[in-house]
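Novice: Below: one structure in structure tokens.
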Amino acid sequence: MLTNIFIIAITAEAMSGALAAGRRNMDLFGVALISFITALGGGTVRDMLLGNYPVTWTQHPLYIYLTIGAGLATILLARFIHRLNQIFLVLDSMGLIAFTIIGCNVALKLGYDTPVVIMSGMTTGIFGGILRDIMCNRTPQVLRHELYASVSLVVAVVYLTLMSLGVSHGVNTWGTFFFGLLLRLSAIRWKLSLPVFSYSPGRWGD
Amino acid sequence: MLTNIFIIAITAEAMSGALAAGRRNMDLFGVALISFITALGGGTVRDMLLGNYPVTWTQHPLYIYLTIGAGLATILLARFIHRLNQIFLVLDSMGLIAFTIIGCNVALKLGYDTPVVIMSGMTTGIFGGILRDIMCNRTPQVLRHELYASVSLVVAVVYLTLMSLGVSHGVNTWGTFFFGLLLRLSAIRWKLSLPVFSYSPGRWGD
Amino acid sequence: MLTNIFIIAITAEAMSGALAAGRRNMDLFGVALISFITALGGGTVRDMLLGNYPVTWTQHPLYIYLTIGAGLATILLARFIHRLNQIFLVLDSMGLIAFTIIGCNVALKLGYDTPVVIMSGMTTGIFGGILRDIMCNRTPQVLRHELYASVSLVVAVVYLTLMSLGVSHGVNTWGTFFFGLLLRLSAIRWKLSLPVFSYSPGRWGD
């Protein structure tokens with residue numbers, strides 16, 4: 001079930017990458033690369049951080065084709081995307097949550113401590129989007145808008161809490177998934193966001 | 001033979017890094033660092049992605065000295081560089097292709113599947129330039145101008161195809177090298193480029 | 001002793017990250033993430049470069065809490081920070097030097113050659129700040145202002161020289177530490193900086 005959502009998720013993330021590349025007037029290759037990195041970059045950074053070799057996508061060529069294909073297809077679909085806005089937001093949210101749960105599972109299997117498991121989940125969930133924004137030369141969006149990265153954090157904490165309470169794997173996965181989706185969609189609907197820290201330059205660290 | 005071209009290649013890439021650092025008014029240390037990263041960053045990212053430890057340059061201190069030296073020498077040569085433009089373009093193209101072939105060989109030795117071998121070649125070929133641009137706070141140039149990243153892709157595919165057809169290693173390396181060089185120089189000469197995807201912001205992924 | 005300074009150092013670095021995030025109007029999560037990456041990113045990049053798994057902070061959850069806590073506390077302290085300017089500059093300098101010495105020790109233990117040991121020290125010293133600036137979409141400051149990255153280089157070289165001369169570990173660590181601190185504070189006091197390389201765009205590598 002998580003694998004199915006993962007497939008949907010990397011497709012949605014790849015499309016978000018393609019749109020970001022399009023805003024920078026990149027060529028087809030740039031679109032393909034940014035799509036790939038947006039979709040699979042979070043898991044790649046996680047695997048490199050945790051020393052989890054071989055990196056996941058190197059064992060699944062399908063993921064490479066899928067993300068690049070989705071990115072290039074986005075070029076054809078771009079004119080309709082504003083109409084599909086709501087669907088994309090849901091797919092993207094599903095991706096965020098599935099990525100987070102998968103990332104937690106990877107670190108758990110490797111025997112890392114709880115705080116590292118949580119950071120593994122969050123890294124998987126949000127780092128693709130961060131890499132996308134770095135490659136497109138803009139400040140990471142996931143750190144400035146409606147609850148996004150924090151949904152990833154909450155999802156990881158809920159997932160691990162239910163697990164420690166002995167909730168069965170299937171119930172935990174589904175329960176956490178829908179809870180996270182509800183949280184993220186509520187954040188979008190009512191524009192929930194964390195307080196922002198605004199600081200004007202002083203001398204130090206400037 | 002590939003080693004000789006590699007030496008030329010990292011020198012040319014280091015100089016391209018130094019010029020980019022100069023455009024950002026970096027100090028000597030910045031010039032040295034960006035030169036090093038531009039020349040050896042692609043191979044470093046490849047080694048870290050594939051879990052190929054120890055990372056290549058850590059076993060070859062000469063590469064460190066060479067790239068940093070080339071970067072610093074560029075400061076003295078900068079005023080003549082526009083006259084040497086054509087030579088640099090050729091050296092840079094040789095580097096792109098040599099890097100790509102070397103990157104394919106590394107992944108082949110590690111036993112990765114064909115799609116990963118191709119991505120290893122491309123990563124080695126283009127990621128130094130991408131890191132250079134990220135460190136200099138600009139959108140990666142290799143994804144926006146004349147065929148560059150796509151030459152790397154074509155070179156990797158041709159190299160692997162000839163290999164699978166049983167062409168001898170030496171013939172394959174030379175043949176692919178000159179084919180790639182011809183392709184890249186043609187792209188520069190006739191300003192060949194991939195179609196560009198331009199997209200104006202909508203709500204999603206914004 | 002180095003551990004104590006390390007604790008101070010990651011706290012100071014985390015606060016520098018929080019201020020940079022505040023300049024980009026990031027939310028609380030962004031502040032926490034940038035703080036964490038600024039403080040622990042240099043060591044993380046070093047560990048990934050050297051294949052030194054598990055990455056240090058994954059074995060010390062305290063470092064995670066400390067850097068995120070320091071980052072969030074900075075939000076409350078921000079209005080007083082310009083008054084604390086001098087203190088921060090000293091803490092930040094102590095961090096740079098402690099990070100460098102620690103980074104050298106890590107590579108030495110892994111048996112790397114001297115040039116790699118030096119680069120390991122510098123990576124630990126300066127890459128947190130570089131990642132902070134990349135994530136905040138600005139040109140890395142450490143490559144443009146008063147001697148900073150070069151202090152890291154000098155510290156690494158002095159440390160290894162004294163070691164090769166048979167100076168005892170304790171004396172070497174303390175001596176190098178105070179020498180480096182003096183150098184860095186002198187650079188701040190008298191605005192010492194490396195020559196800058198300014199280059200205007202030509203065709204190549206553009």
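Ordering of the structure tokens sets the chain letters (A, B, ...); residue numbers start at 1 within each chain; ligands are numbered from 1 in the order shown.
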Please provide the set of residues having any atom within 8 Å of Val155 of chain B, restricted to only C-alpha atoms, with same-chain residues fewer than 5 positions apart removed, written as a compact mmCIF listing (two decimals) with C-alpha atoms, in the first residue's frame.
Specialist:
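The resulting file, around-v4.txt, is reproduced below:
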# COMPACT_ATOMS: atom_id res chain seq x y z
CA ILE B 97 33.26 13.77 -22.31
CA THR B 100 31.31 10.99 -18.56
CA ILE B 101 33.25 7.95 -19.79
CA THR B 176 33.05 7.72 -28.28
CA PHE B 177 35.40 10.49 -27.25
CA PHE B 179 32.09 11.49 -31.52
CA GLY B 180 31.14 13.33 -28.33
Novice: Should the cut-off be 7 Å, what would the residue list for chain B against chain A look like, counting only C-alpha atoms, as number ranges by chain?
Specialist: B: 49-51, 115-116, 134, 137-140, 143-144, 149-150, 194-202, 204-205
Novice: Tell me, which residues of segment 77-136 of chain B carry DSSP alpha helix (DSSP H), written as a VMD selection string?
Specialist: chain B and resid 77 85 to 109 114 to 135
Novice: Near Cys104 of chain A, within 8 Å and counting only C-alpha atoms, which residues show up once chain neighbours fewer than 2 positions away are dropped, as an mmCIF file with N, CA and C atoms, in the first residue's frame?
Specialist:
data_model
loop_
_atom_site.group_PDB
_atom_site.id
_atom_site.type_symbol
_atom_site.label_atom_id
_atom_site.label_comp_id
_atom_site.auth_asym_id
_atom_site.auth_seq_id
_atom_site.Cartn_x
_atom_site.Cartn_y
_atom_site.Cartn_z
ATOM 1 N N THR A 100 7.565 10.415 4.441
ATOM 2 C CA THR A 100 7.965 10.502 5.846
ATOM 3 C C THR A 100 7.918 9.135 6.521
ATOM 4 N N ILE A 101 6.816 8.414 6.304
ATOM 5 C CA ILE A 101 6.673 7.093 6.937
ATOM 6 C C ILE A 101 7.749 6.142 6.414
ATOM 7 N N ILE A 102 7.969 6.180 5.095
ATOM 8 C CA ILE A 102 8.995 5.307 4.495
ATOM 9 C C ILE A 102 10.372 5.642 5.071
ATOM 10 N N VAL A 106 13.057 3.147 7.081
ATOM 11 C CA VAL A 106 14.438 2.875 6.662
ATOM 12 C C VAL A 106 15.396 3.016 7.842
ATOM 13 N N ALA A 107 15.256 4.107 8.591
ATOM 14 C CA ALA A 107 16.161 4.329 9.724
ATOM 15 C C ALA A 107 15.924 3.315 10.841
ATOM 16 N N LEU A 108 14.657 2.924 11.024
ATOM 17 C CA LEU A 108 14.349 1.911 12.038
ATOM 18 C C LEU A 108 15.052 0.595 11.722
ATOM 19 N N VAL A 117 15.571 8.589 13.658
ATOM 20 C CA VAL A 117 14.472 8.032 12.869
ATOM 21 C C VAL A 117 13.527 9.155 12.423
ATOM 22 N N ILE A 118 13.226 10.052 13.351
ATOM 23 C CA ILE A 118 12.347 11.178 13.012
ATOM 24 C C ILE A 118 13.003 12.061 11.941
ATOM 25 N N MET A 119 14.291 12.339 12.099
ATOM 26 C CA MET A 119 14.961 13.187 11.109
ATOM 27 C C MET A 119 15.085 12.480 9.768
ATOM 28 N N SER A 120 15.193 11.164 9.793
ATOM 29 C CA SER A 120 15.219 10.403 8.545
ATOM 30 C C SER A 120 13.883 10.534 7.821
ATOM 31 N N GLY A 121 12.797 10.453 8.576
ATOM 32 C CA GLY A 121 11.476 10.626 7.977
ATOM 33 C C GLY A 121 11.315 12.011 7.371
ATOM 34 N N ALA A 156 5.874 11.809 11.662
ATOM 35 C CA ALA A 156 6.916 10.917 12.170
ATOM 36 C C ALA A 156 6.702 10.612 13.646
#
Novice: Choose the residue, out of C:Val171, C:Asp133, C:Thr114, C:Gly71, that has the smallest atom-to-atom separation from Val157 of chain C; count only C-alpha atoms.
Specialist: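 That would be C:Thr114, the residue with the smallest distance to Val157 of chain C.
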Novice: As a list of chain:residue names, please: the residues near Thr173 of chain C (cut-off 10 Å, only C-alpha atoms, same-chain neighbours under 5 positions excluded).
Specialist: C:Met1, C:Leu2, C:Ala98, C:Ile101, C:Ile102, C:Tyr159, C:Leu162, C:Met163, C:Val167, C:Ser168, C:Phe178, C:Phe179
